[in-house]
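Source file: input.txt; contents: compact mmCIF, C-alpha atoms.
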# COMPACT_ATOMS: atom_id res chain seq x y z
CA MET I 166 -59.50 -134.61 -23.24
CA SER I 167 -59.69 -130.90 -22.40
CA ALA I 168 -63.02 -129.20 -21.87
CA ASN I 169 -62.67 -127.55 -25.30
CA GLU I 170 -61.99 -130.87 -27.02
CA ARG I 171 -64.85 -132.61 -25.26
CA TYR I 172 -67.22 -129.83 -26.25
CA HIS I 173 -66.12 -129.85 -29.92
CA HIS I 174 -66.31 -133.64 -30.09
CA THR I 175 -69.84 -133.68 -28.67
CA LEU I 176 -70.97 -130.73 -30.77
CA ALA I 177 -69.81 -132.50 -33.93
CA ILE I 178 -71.97 -135.52 -33.07
CA CYS I 179 -74.96 -133.27 -32.40
CA LEU I 180 -74.48 -131.34 -35.65
CA ARG I 181 -74.46 -134.59 -37.65
CA HIS I 182 -77.76 -135.66 -36.05
CA ALA I 183 -79.12 -132.14 -36.64
CA LYS I 184 -78.20 -132.27 -40.35
CA ARG I 185 -80.01 -135.58 -40.88
CA LEU I 186 -82.97 -134.33 -38.82
CA ARG I 187 -83.25 -131.15 -40.92
CA TRP I 188 -83.20 -133.22 -44.09
CA ALA I 189 -86.00 -135.49 -42.83
CA LEU I 190 -88.06 -132.44 -41.79
CA ALA I 191 -87.65 -130.90 -45.24
CA GLN I 192 -88.75 -134.14 -46.93
CA LEU I 193 -91.87 -134.48 -44.80
CA SER I 194 -92.99 -130.85 -44.65
CA PRO I 195 -95.15 -130.92 -47.83
CA GLN I 196 -97.32 -133.60 -46.17
CA LEU I 197 -97.95 -131.79 -42.89
CA PRO I 198 -100.03 -132.15 -40.89
CA PHE I 199 -100.32 -135.94 -40.86
CA ASP I 200 -103.56 -137.79 -40.13
CA GLU I 201 -104.43 -141.48 -40.00
CA HIS I 202 -105.23 -141.61 -43.72
CA LYS I 203 -101.90 -140.12 -44.76
CA ILE I 204 -100.11 -142.53 -42.41
CA ASP I 205 -101.87 -145.46 -44.11
CA ARG I 206 -100.84 -144.21 -47.55
CA LEU I 207 -97.13 -143.63 -46.82
CA SER I 208 -94.82 -145.36 -49.27
CA ASP I 209 -91.92 -147.53 -48.05
CA VAL I 210 -89.47 -144.73 -48.79
CA GLU I 211 -91.61 -142.15 -46.98
CA PHE I 212 -91.76 -144.49 -44.00
CA ALA I 213 -87.98 -144.66 -44.02
CA VAL I 214 -87.86 -140.85 -43.84
CA VAL I 215 -90.33 -140.91 -40.91
CA ASP I 216 -88.09 -143.45 -39.17
CA GLN I 217 -85.11 -141.15 -39.76
CA LEU I 218 -86.98 -138.21 -38.24
CA LEU I 219 -87.93 -140.18 -35.14
CA ALA I 220 -84.51 -141.80 -34.73
CA ARG I 221 -82.49 -138.62 -35.20
CA PHE I 222 -84.81 -136.64 -32.93
CA GLY I 223 -84.28 -139.24 -30.20
CA GLN I 224 -80.52 -139.43 -30.71
CA LEU I 225 -80.05 -135.66 -30.80
CA GLN I 226 -82.22 -135.11 -27.70
CA ASP I 227 -80.34 -137.85 -25.88
CA THR I 228 -76.84 -136.65 -26.83
CA MET I 229 -77.63 -133.05 -25.96
CA GLY I 230 -78.93 -133.97 -22.51
CA LYS I 231 -76.29 -136.55 -21.63
CA SER I 232 -73.18 -135.05 -23.26
CA LEU I 233 -73.57 -131.57 -24.68
CA PHE I 234 -75.11 -129.85 -21.67
CA PRO I 235 -72.44 -131.19 -19.26
CA ALA I 236 -69.75 -130.22 -21.80
CA ILE I 237 -71.08 -126.66 -21.99
CA LEU I 238 -71.12 -126.40 -18.20
CA GLU I 239 -67.59 -127.74 -18.03
CA LEU I 240 -66.47 -125.18 -20.62
CA THR I 241 -67.88 -122.33 -18.61
CA LYS I 242 -66.56 -123.84 -15.37
CA GLU I 243 -70.07 -123.42 -14.06
CA GLN I 244 -70.83 -126.99 -13.11
CA GLY I 245 -69.51 -126.67 -9.57
CA GLU I 246 -71.37 -129.00 -7.27
CA LEU I 247 -74.14 -129.77 -9.74
CA VAL I 248 -74.56 -133.51 -10.01
CA ALA I 249 -78.26 -133.97 -10.66
CA PHE I 250 -79.32 -133.36 -14.25
CA ILE I 251 -82.20 -131.13 -13.20
CA ASP I 252 -79.77 -128.84 -11.37
CA GLN I 253 -77.49 -128.69 -14.40
CA LEU I 254 -80.51 -127.84 -16.54
CA HIS I 255 -81.63 -125.02 -14.24
CA ARG I 256 -78.08 -123.63 -14.19
CA LEU I 257 -77.94 -123.67 -17.99
CA GLU I 258 -81.28 -121.89 -18.13
CA LYS I 259 -80.02 -119.26 -15.69
CA LEU I 260 -76.91 -118.73 -17.80
CA GLY I 261 -78.95 -118.38 -20.97
CA ALA I 262 -77.40 -121.45 -22.61
CA VAL I 263 -80.82 -123.13 -22.66
CA THR I 264 -83.90 -121.01 -23.31
CA SER I 265 -86.32 -122.97 -21.13
CA ALA I 266 -85.80 -125.83 -18.69
CA ASP I 267 -89.51 -126.74 -18.90
CA ALA I 268 -89.37 -126.91 -22.70
CA TRP I 269 -86.38 -129.25 -22.43
CA LEU I 270 -88.20 -131.57 -20.01
CA GLU I 271 -91.12 -131.72 -22.41
CA LEU I 272 -88.76 -132.66 -25.26
CA ARG I 273 -87.34 -135.40 -23.07
CA ALA I 274 -90.81 -136.71 -22.19
CA LEU I 275 -91.72 -136.82 -25.88
CA ARG I 276 -88.50 -138.69 -26.64
CA ASN I 277 -89.39 -141.20 -23.93
CA ALA I 278 -92.91 -141.53 -25.31
CA LEU I 279 -91.41 -142.31 -28.74
CA THR I 280 -89.29 -145.23 -27.52
CA HIS I 281 -92.33 -147.32 -27.37
CA GLU I 282 -92.52 -151.07 -27.50
CA TYR I 283 -96.18 -151.43 -28.40
CA PRO I 284 -97.87 -150.27 -31.62
CA ASP I 285 -100.32 -147.37 -31.60
CA GLU I 286 -103.47 -146.86 -33.61
CA PRO I 287 -102.93 -144.75 -36.77
CA SER I 288 -104.46 -141.51 -35.49
CA LEU I 289 -102.16 -141.58 -32.46
CA GLN I 290 -99.22 -142.38 -34.74
CA ALA I 291 -100.14 -139.33 -36.81
CA ALA I 292 -100.41 -137.14 -33.69
CA MET I 293 -97.02 -138.45 -32.54
CA LEU I 294 -95.46 -137.60 -35.87
CA ASN I 295 -96.95 -134.09 -35.97
CA LYS I 296 -95.77 -133.48 -32.42
CA THR I 297 -92.26 -134.74 -33.22
CA VAL I 298 -92.00 -132.42 -36.22
CA GLU I 299 -92.90 -129.46 -34.00
CA ALA I 300 -90.54 -130.65 -31.27
CA ALA I 301 -87.69 -131.20 -33.74
CA VAL I 302 -87.82 -127.52 -34.71
CA THR I 303 -87.64 -126.58 -31.02
CA LEU I 304 -84.79 -129.04 -30.42
CA LEU I 305 -82.75 -127.55 -33.27
CA ALA I 306 -83.33 -124.08 -31.82
CA VAL I 307 -82.08 -125.27 -28.40
CA LEU I 308 -78.93 -126.66 -30.06
CA ASP I 309 -78.40 -123.36 -31.82
CA CYS I 310 -78.81 -121.43 -28.56
CA GLY I 311 -76.32 -123.68 -26.74
CA GLU I 312 -73.78 -123.41 -29.55
CA LYS I 313 -74.00 -119.61 -29.61
CA TYR I 314 -73.63 -119.46 -25.83
CA ALA I 315 -70.59 -121.75 -25.76
CA LYS I 316 -68.75 -119.72 -28.44
CA LYS I 317 -67.95 -117.08 -25.83
CA TYR I 318 -65.85 -119.63 -23.92
CA LEU I 319 -63.84 -121.07 -26.80
CA MET K 253 -97.66 -156.59 -8.02
CA ARG K 254 -94.33 -154.81 -7.73
CA LEU K 255 -95.24 -151.16 -7.27
CA SER K 256 -94.98 -149.31 -3.97
CA ALA K 257 -98.08 -147.70 -2.45
CA ARG K 258 -96.61 -144.31 -3.31
CA GLN K 259 -96.03 -145.31 -6.93
CA VAL K 260 -99.63 -146.52 -7.22
CA ASP K 261 -100.88 -143.27 -5.65
CA VAL K 262 -98.93 -141.05 -8.00
CA ILE K 263 -99.89 -143.11 -11.08
CA CYS K 264 -103.59 -143.01 -10.16
CA ASN K 265 -103.67 -139.32 -9.23
CA GLU K 266 -101.80 -138.21 -12.33
CA GLY K 267 -103.72 -140.68 -14.48
CA ALA K 268 -107.03 -139.16 -13.44
CA ALA K 269 -105.67 -135.60 -13.70
CA CYS K 270 -104.23 -136.09 -17.20
CA PHE K 271 -106.72 -138.46 -18.81
CA GLY K 272 -109.96 -137.54 -17.04
CA GLY K 273 -111.89 -138.94 -14.10
CA ASP K 274 -113.49 -141.57 -16.32
CA ALA K 275 -110.16 -142.94 -17.58
CA ARG K 276 -109.35 -146.56 -16.79
CA LEU K 277 -105.79 -147.67 -16.05
CA TRP K 278 -104.10 -151.05 -15.76
CA LEU K 279 -100.59 -152.07 -14.79
CA PHE K 280 -99.42 -154.92 -17.01
CA GLY K 281 -96.17 -156.62 -18.00
CA SER K 282 -93.44 -157.88 -15.69
CA ARG K 283 -94.33 -155.59 -12.77
CA VAL K 284 -97.52 -157.58 -12.23
CA ASP K 285 -95.46 -160.63 -11.30
CA ASP K 286 -94.14 -160.74 -7.73
CA GLN K 287 -91.58 -163.37 -8.70
CA LYS K 288 -89.80 -161.22 -11.27
CA ARG K 289 -87.22 -158.46 -10.83
CA GLY K 290 -86.72 -155.07 -12.45
CA GLY K 291 -88.41 -154.25 -15.74
CA ASP K 292 -90.24 -151.27 -17.16
CA ILE K 293 -93.48 -150.04 -15.70
CA ASP K 294 -96.03 -150.87 -18.40
CA LEU K 295 -99.36 -149.07 -18.17
CA TYR K 296 -102.47 -149.48 -20.31
CA ILE K 297 -104.86 -146.51 -20.28
CA GLU K 298 -108.34 -146.20 -21.76
CA SER K 299 -109.50 -142.65 -22.29
CA GLU K 300 -112.74 -141.11 -23.52
CA THR K 301 -110.77 -138.16 -24.98
CA LEU K 302 -111.70 -138.10 -28.63
CA ASP K 303 -108.91 -135.92 -29.96
CA SER K 304 -105.63 -137.74 -30.67
CA ALA K 305 -103.46 -134.65 -30.38
CA ALA K 306 -104.96 -133.84 -26.96
CA LEU K 307 -104.46 -137.44 -25.87
CA LEU K 308 -100.82 -137.37 -26.88
CA ASP K 309 -100.30 -134.11 -24.96
CA ALA K 310 -101.93 -135.78 -21.95
CA LYS K 311 -99.53 -138.75 -22.27
CA ILE K 312 -96.51 -136.45 -22.40
CA HIS K 313 -97.73 -134.48 -19.41
CA PHE K 314 -98.43 -137.74 -17.55
CA LEU K 315 -94.89 -139.01 -18.22
CA MET K 316 -93.41 -135.69 -17.10
CA GLN K 317 -95.35 -135.78 -13.84
CA LEU K 318 -94.38 -139.39 -13.16
CA HIS K 319 -90.70 -138.70 -13.80
CA ASN K 320 -90.92 -135.63 -11.62
CA GLN K 321 -92.50 -137.48 -8.69
CA LEU K 322 -91.10 -140.98 -9.07
CA GLY K 323 -87.67 -140.25 -10.49
CA GLU K 324 -86.17 -141.54 -13.73
CA GLN K 325 -87.88 -144.85 -14.56
CA LYS K 326 -88.67 -146.55 -17.79
CA ILE K 327 -92.43 -146.16 -18.14
CA ASP K 328 -94.24 -147.36 -21.26
CA VAL K 329 -97.81 -146.15 -21.74
CA VAL K 330 -100.19 -147.85 -24.17
CA LEU K 331 -103.09 -145.54 -24.95
CA HIS K 332 -106.48 -146.72 -26.10
CA ARG K 333 -108.62 -143.93 -27.44
CA MET K 334 -112.18 -145.13 -26.90
CA GLY K 335 -114.17 -144.79 -30.07
CA SER K 336 -111.18 -145.59 -32.26
CA ALA K 337 -111.82 -148.24 -34.88
CA THR K 338 -108.51 -149.94 -34.18
CA ASP K 339 -108.47 -152.91 -31.85
CA LEU K 340 -104.94 -154.01 -31.04
CA PRO K 341 -104.18 -157.33 -29.31
CA ILE K 342 -102.25 -155.54 -26.58
CA TYR K 343 -105.46 -153.84 -25.38
CA ARG K 344 -106.97 -157.21 -24.46
CA VAL K 345 -103.71 -158.72 -23.16
CA ALA K 346 -103.19 -155.78 -20.82
CA GLN K 347 -106.70 -156.02 -19.39
CA GLN K 348 -106.70 -159.78 -19.00
CA GLU K 349 -103.20 -160.17 -17.57
CA GLY K 350 -102.91 -156.83 -15.83
CA VAL K 351 -103.98 -155.30 -12.54
CA ARG K 352 -106.54 -152.53 -12.76
CA LEU K 353 -105.41 -149.48 -10.79
CA LEU K 354 -107.96 -146.89 -11.87

If you took the structure in this file and wrote it as structure tokens, what would it be?
Amino acid sequence: MSANERYHHTLAICLRHAKRLRWALAQLSPQLPFDEHKIDRLSDVEFAVVDQLLARFGQLQDTMGKSLFPAILELTKEQGELVAFIDQLHRLEKLGAVTSADAWLELRALRNALTHEYPDEPSLQAAMLNKTVEAAVTLLAVLDCGEKYAKKYL
Amino acid sequence: MRLSARQVDVICNEGAACFGGDARLWLFGSRVDDQKRGGDIDLYIESETLDSAALLDAKIHFLMQLHNQLGEQKIDVVLHRMGSATDLPIYRVAQQEGVRLL
């Protein structure tokens, strides 16, 4: 696969996640912000939308970090000797493909906090959901920024 | 207990910094058992912080610091907000079967 093809292939996956994520955000926005009482009163269908938000946030964040960022670097022939993810991230920030390396690391930490084996009490669940909604908006903006940056190299 | 001295140090320092000096922290799960191999680092943390949003921010910051200082590891944090009405079984399991670090 050429660098162009790899980038387009990965971008397509990200855009599909982004579309589903946007839909889930739109569905949930009338209820924001969540609290423990709202969480308790969610219908089965509403819960399914919450699951979609969390799942797509995680998948998009993951795919962007593991596949899209390296593909963008490859496209710009900027990856050079950069093996460690943190170095790739700093390079992308320097190039303007990613607005903030720190913001990305926070998105990653949230994604890790979401893949959680043990249940949380409802008020923490609500805080998690509110935080994910906020983070999803940021994540979509990072995707947008990366896509705009990569266009110059296509 | 399968954590290095450095790992314990970092977890305790960041635990106190992120969750307050009066936070209590236990290691539980497979890392408690010397006979086992691998596995996530499971931590149970009790915090006096009343605000859930602030507690979640503290958890995220804690995870970021741990990943920064200990490298990429699977770390699962169970938070118990003291004063919450909820009492989940895992809170007791973690205390009884775990090793208190902080």

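Distances from K:Gly335, K:Arg254, K:Gln325, K:Phe314 to Arg289 of chain K were compared using only C-alpha atoms, and the smallest one belongs to K:Arg254.
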
May I ask for the distance between atom CA of Phe271 of chain K and atom CA of Ser299 of chain K, given in Å to one decimal place? 6.1 Å

Can you work out which residues from chain K touch chain I at a cut-off of 12 Å (counting only C-alpha atoms) and hand them back as a count of residues only? 49

Atom CA of Val215 of chain I and atom CA of Ser232 of chain I, how far apart in Å?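 One can read the atom CA of Ser232 of chain I to atom CA of Val215 of chain I distance as 25.3 Å.
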
Pick out the closest residue to Phe222 of chain I from this set: I:Asn169, I:Arg187, I:Glu258, I:Lys313. Count only C-alpha atoms.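 Residue with the minimum atom-to-atom distance to Phe222 of chain I: I:Arg187.
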
Mind giving me the axis-aligned box for segment 289-298 of chain I with 8 Å on every side, centre plus edges in Å to one decimal, as AutoDock Vina command-line options?
--center_x -97.1 --center_y -137.4 --center_z -34.6 --size_x 26.2 --size_y 26.0 --size_z 20.4

Excluding Met229 of chain I and its own-chain neighbours fewer than 2 positions away, which residues fall within 12 Å of it when counting all atoms listed in the file? Please give them as JSON, numbers by chain. {"I": [172, 175, 176, 177, 178, 179, 180, 182, 183, 221, 222, 223, 224, 225, 226, 227, 231, 232, 233, 234, 235, 236, 237, 250, 254, 263, 269, 272, 273, 304, 305, 307, 308, 309, 310, 311, 312]}

Coordinates of segment 290-306 of chain I, all heavy atoms, as a PDB file, in the first residue's frame:
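That gives us part.pdb:
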ATOM      1  N   GLN I 290     -20.374   7.726  37.192  1.00  0.00           N
ATOM      2  CA  GLN I 290     -20.784   7.364  35.827  1.00  0.00           C
ATOM      3  C   GLN I 290     -21.239   8.620  35.085  1.00  0.00           C
ATOM      4  O   GLN I 290     -20.918   8.818  33.912  1.00  0.00           O
ATOM      5  CB  GLN I 290     -21.955   6.371  35.841  1.00  0.00           C
ATOM      6  CG  GLN I 290     -21.556   4.943  36.170  1.00  0.00           C
ATOM      7  CD  GLN I 290     -22.770   4.024  36.202  1.00  0.00           C
ATOM      8  OE1 GLN I 290     -23.757   4.283  35.520  1.00  0.00           O
ATOM      9  NE2 GLN I 290     -22.701   2.985  36.987  1.00  0.00           N
ATOM     10  N   ALA I 291     -22.009   9.457  35.780  1.00  0.00           N
ATOM     11  CA  ALA I 291     -22.509  10.688  35.169  1.00  0.00           C
ATOM     12  C   ALA I 291     -21.340  11.618  34.825  1.00  0.00           C
ATOM     13  O   ALA I 291     -21.293  12.186  33.730  1.00  0.00           O
ATOM     14  CB  ALA I 291     -23.491  11.387  36.099  1.00  0.00           C
ATOM     15  N   ALA I 292     -20.399  11.744  35.751  1.00  0.00           N
ATOM     16  CA  ALA I 292     -19.224  12.609  35.506  1.00  0.00           C
ATOM     17  C   ALA I 292     -18.435  12.094  34.309  1.00  0.00           C
ATOM     18  O   ALA I 292     -17.951  12.865  33.477  1.00  0.00           O
ATOM     19  CB  ALA I 292     -18.334  12.673  36.746  1.00  0.00           C
ATOM     20  N   MET I 293     -18.313  10.761  34.221  1.00  0.00           N
ATOM     21  CA  MET I 293     -17.594  10.121  33.117  1.00  0.00           C
ATOM     22  C   MET I 293     -18.266  10.436  31.792  1.00  0.00           C
ATOM     23  O   MET I 293     -17.622  10.734  30.788  1.00  0.00           O
ATOM     24  CB  MET I 293     -17.604   8.611  33.354  1.00  0.00           C
ATOM     25  CG  MET I 293     -16.631   7.843  32.544  1.00  0.00           C
ATOM     26  SD  MET I 293     -15.002   7.830  33.302  1.00  0.00           S
ATOM     27  CE  MET I 293     -15.102   6.319  34.215  1.00  0.00           C
ATOM     28  N   LEU I 294     -19.577  10.352  31.796  1.00  0.00           N
ATOM     29  CA  LEU I 294     -20.344  10.606  30.578  1.00  0.00           C
ATOM     30  C   LEU I 294     -20.216  12.065  30.148  1.00  0.00           C
ATOM     31  O   LEU I 294     -19.954  12.365  28.979  1.00  0.00           O
ATOM     32  CB  LEU I 294     -21.804  10.240  30.846  1.00  0.00           C
ATOM     33  CG  LEU I 294     -22.757  10.158  29.675  1.00  0.00           C
ATOM     34  CD1 LEU I 294     -22.161   9.339  28.548  1.00  0.00           C
ATOM     35  CD2 LEU I 294     -24.068   9.536  30.143  1.00  0.00           C
ATOM     36  N   ASN I 295     -20.361  12.985  31.103  1.00  0.00           N
ATOM     37  CA  ASN I 295     -20.217  14.413  30.787  1.00  0.00           C
ATOM     38  C   ASN I 295     -18.834  14.706  30.235  1.00  0.00           C
ATOM     39  O   ASN I 295     -18.681  15.452  29.267  1.00  0.00           O
ATOM     40  CB  ASN I 295     -20.461  15.267  32.037  1.00  0.00           C
ATOM     41  CG  ASN I 295     -21.902  15.249  32.480  1.00  0.00           C
ATOM     42  OD1 ASN I 295     -22.811  15.038  31.671  1.00  0.00           O
ATOM     43  ND2 ASN I 295     -22.139  15.442  33.762  1.00  0.00           N
ATOM     44  N   LYS I 296     -17.837  14.104  30.847  1.00  0.00           N
ATOM     45  CA  LYS I 296     -16.444  14.324  30.413  1.00  0.00           C
ATOM     46  C   LYS I 296     -16.225  13.769  29.014  1.00  0.00           C
ATOM     47  O   LYS I 296     -15.536  14.366  28.192  1.00  0.00           O
ATOM     48  CB  LYS I 296     -15.502  13.617  31.399  1.00  0.00           C
ATOM     49  CG  LYS I 296     -14.045  13.886  31.159  1.00  0.00           C
ATOM     50  CD  LYS I 296     -13.582  15.062  31.962  1.00  0.00           C
ATOM     51  CE  LYS I 296     -12.175  15.459  31.546  1.00  0.00           C
ATOM     52  NZ  LYS I 296     -11.737  16.691  32.207  1.00  0.00           N
ATOM     53  N   THR I 297     -16.825  12.610  28.727  1.00  0.00           N
ATOM     54  CA  THR I 297     -16.659  11.979  27.414  1.00  0.00           C
ATOM     55  C   THR I 297     -17.324  12.809  26.329  1.00  0.00           C
ATOM     56  O   THR I 297     -16.788  12.921  25.211  1.00  0.00           O
ATOM     57  CB  THR I 297     -17.220  10.544  27.415  1.00  0.00           C
ATOM     58  OG1 THR I 297     -16.629   9.830  28.487  1.00  0.00           O
ATOM     59  CG2 THR I 297     -16.911   9.827  26.114  1.00  0.00           C
ATOM     60  N   VAL I 298     -18.473  13.401  26.641  1.00  0.00           N
ATOM     61  CA  VAL I 298     -19.148  14.271  25.668  1.00  0.00           C
ATOM     62  C   VAL I 298     -18.230  15.434  25.297  1.00  0.00           C
ATOM     63  O   VAL I 298     -18.011  15.721  24.117  1.00  0.00           O
ATOM     64  CB  VAL I 298     -20.483  14.792  26.252  1.00  0.00           C
ATOM     65  CG1 VAL I 298     -21.001  15.968  25.449  1.00  0.00           C
ATOM     66  CG2 VAL I 298     -21.527  13.687  26.288  1.00  0.00           C
ATOM     67  N   GLU I 299     -17.660  16.062  26.314  1.00  0.00           N
ATOM     68  CA  GLU I 299     -16.745  17.194  26.112  1.00  0.00           C
ATOM     69  C   GLU I 299     -15.526  16.744  25.310  1.00  0.00           C
ATOM     70  O   GLU I 299     -15.102  17.400  24.352  1.00  0.00           O
ATOM     71  CB  GLU I 299     -16.300  17.621  27.507  1.00  0.00           C
ATOM     72  CG  GLU I 299     -15.739  18.981  27.689  1.00  0.00           C
ATOM     73  CD  GLU I 299     -15.256  19.126  29.139  1.00  0.00           C
ATOM     74  OE1 GLU I 299     -16.125  19.167  30.038  1.00  0.00           O
ATOM     75  OE2 GLU I 299     -14.027  19.161  29.347  1.00  0.00           O
ATOM     76  N   ALA I 300     -14.991  15.583  25.681  1.00  0.00           N
ATOM     77  CA  ALA I 300     -13.789  15.062  25.024  1.00  0.00           C
ATOM     78  C   ALA I 300     -14.067  14.653  23.588  1.00  0.00           C
ATOM     79  O   ALA I 300     -13.202  14.789  22.710  1.00  0.00           O
ATOM     80  CB  ALA I 300     -13.238  13.870  25.800  1.00  0.00           C
ATOM     81  N   ALA I 301     -15.284  14.154  23.331  1.00  0.00           N
ATOM     82  CA  ALA I 301     -15.644  13.734  21.972  1.00  0.00           C
ATOM     83  C   ALA I 301     -15.604  14.926  21.024  1.00  0.00           C
ATOM     84  O   ALA I 301     -15.145  14.815  19.879  1.00  0.00           O
ATOM     85  CB  ALA I 301     -17.032  13.091  21.954  1.00  0.00           C
ATOM     86  N   VAL I 302     -16.074  16.066  21.488  1.00  0.00           N
ATOM     87  CA  VAL I 302     -16.052  17.286  20.669  1.00  0.00           C
ATOM     88  C   VAL I 302     -14.599  17.652  20.339  1.00  0.00           C
ATOM     89  O   VAL I 302     -14.271  17.970  19.191  1.00  0.00           O
ATOM     90  CB  VAL I 302     -16.777  18.442  21.403  1.00  0.00           C
ATOM     91  CG1 VAL I 302     -16.602  19.746  20.651  1.00  0.00           C
ATOM     92  CG2 VAL I 302     -18.259  18.117  21.576  1.00  0.00           C
ATOM     93  N   THR I 303     -13.727  17.565  21.346  1.00  0.00           N
ATOM     94  CA  THR I 303     -12.301  17.842  21.139  1.00  0.00           C
ATOM     95  C   THR I 303     -11.688  16.840  20.159  1.00  0.00           C
ATOM     96  O   THR I 303     -10.933  17.213  19.257  1.00  0.00           O
ATOM     97  CB  THR I 303     -11.533  17.759  22.469  1.00  0.00           C
ATOM     98  OG1 THR I 303     -12.133  18.622  23.415  1.00  0.00           O
ATOM     99  CG2 THR I 303     -10.069  18.139  22.292  1.00  0.00           C
ATOM    100  N   LEU I 304     -12.035  15.564  20.342  1.00  0.00           N
ATOM    101  CA  LEU I 304     -11.489  14.507  19.478  1.00  0.00           C
ATOM    102  C   LEU I 304     -11.860  14.749  18.018  1.00  0.00           C
ATOM    103  O   LEU I 304     -11.023  14.621  17.117  1.00  0.00           O
ATOM    104  CB  LEU I 304     -12.024  13.151  19.938  1.00  0.00           C
ATOM    105  CG  LEU I 304     -11.456  11.924  19.249  1.00  0.00           C
ATOM    106  CD1 LEU I 304      -9.969  11.789  19.511  1.00  0.00           C
ATOM    107  CD2 LEU I 304     -12.184  10.662  19.711  1.00  0.00           C
ATOM    108  N   LEU I 305     -13.114  15.130  17.778  1.00  0.00           N
ATOM    109  CA  LEU I 305     -13.577  15.392  16.414  1.00  0.00           C
ATOM    110  C   LEU I 305     -12.825  16.590  15.827  1.00  0.00           C
ATOM    111  O   LEU I 305     -12.503  16.606  14.633  1.00  0.00           O
ATOM    112  CB  LEU I 305     -15.093  15.619  16.401  1.00  0.00           C
ATOM    113  CG  LEU I 305     -15.919  14.359  16.696  1.00  0.00           C
ATOM    114  CD1 LEU I 305     -17.375  14.714  16.987  1.00  0.00           C
ATOM    115  CD2 LEU I 305     -15.859  13.370  15.520  1.00  0.00           C
ATOM    116  N   ALA I 306     -12.529  17.578  16.668  1.00  0.00           N
ATOM    117  CA  ALA I 306     -11.770  18.742  16.201  1.00  0.00           C
ATOM    118  C   ALA I 306     -10.332  18.342  15.838  1.00  0.00           C
ATOM    119  O   ALA I 306      -9.768  18.846  14.853  1.00  0.00           O
ATOM    120  CB  ALA I 306     -11.755  19.830  17.268  1.00  0.00           C
TER     121      ALA I 306
END
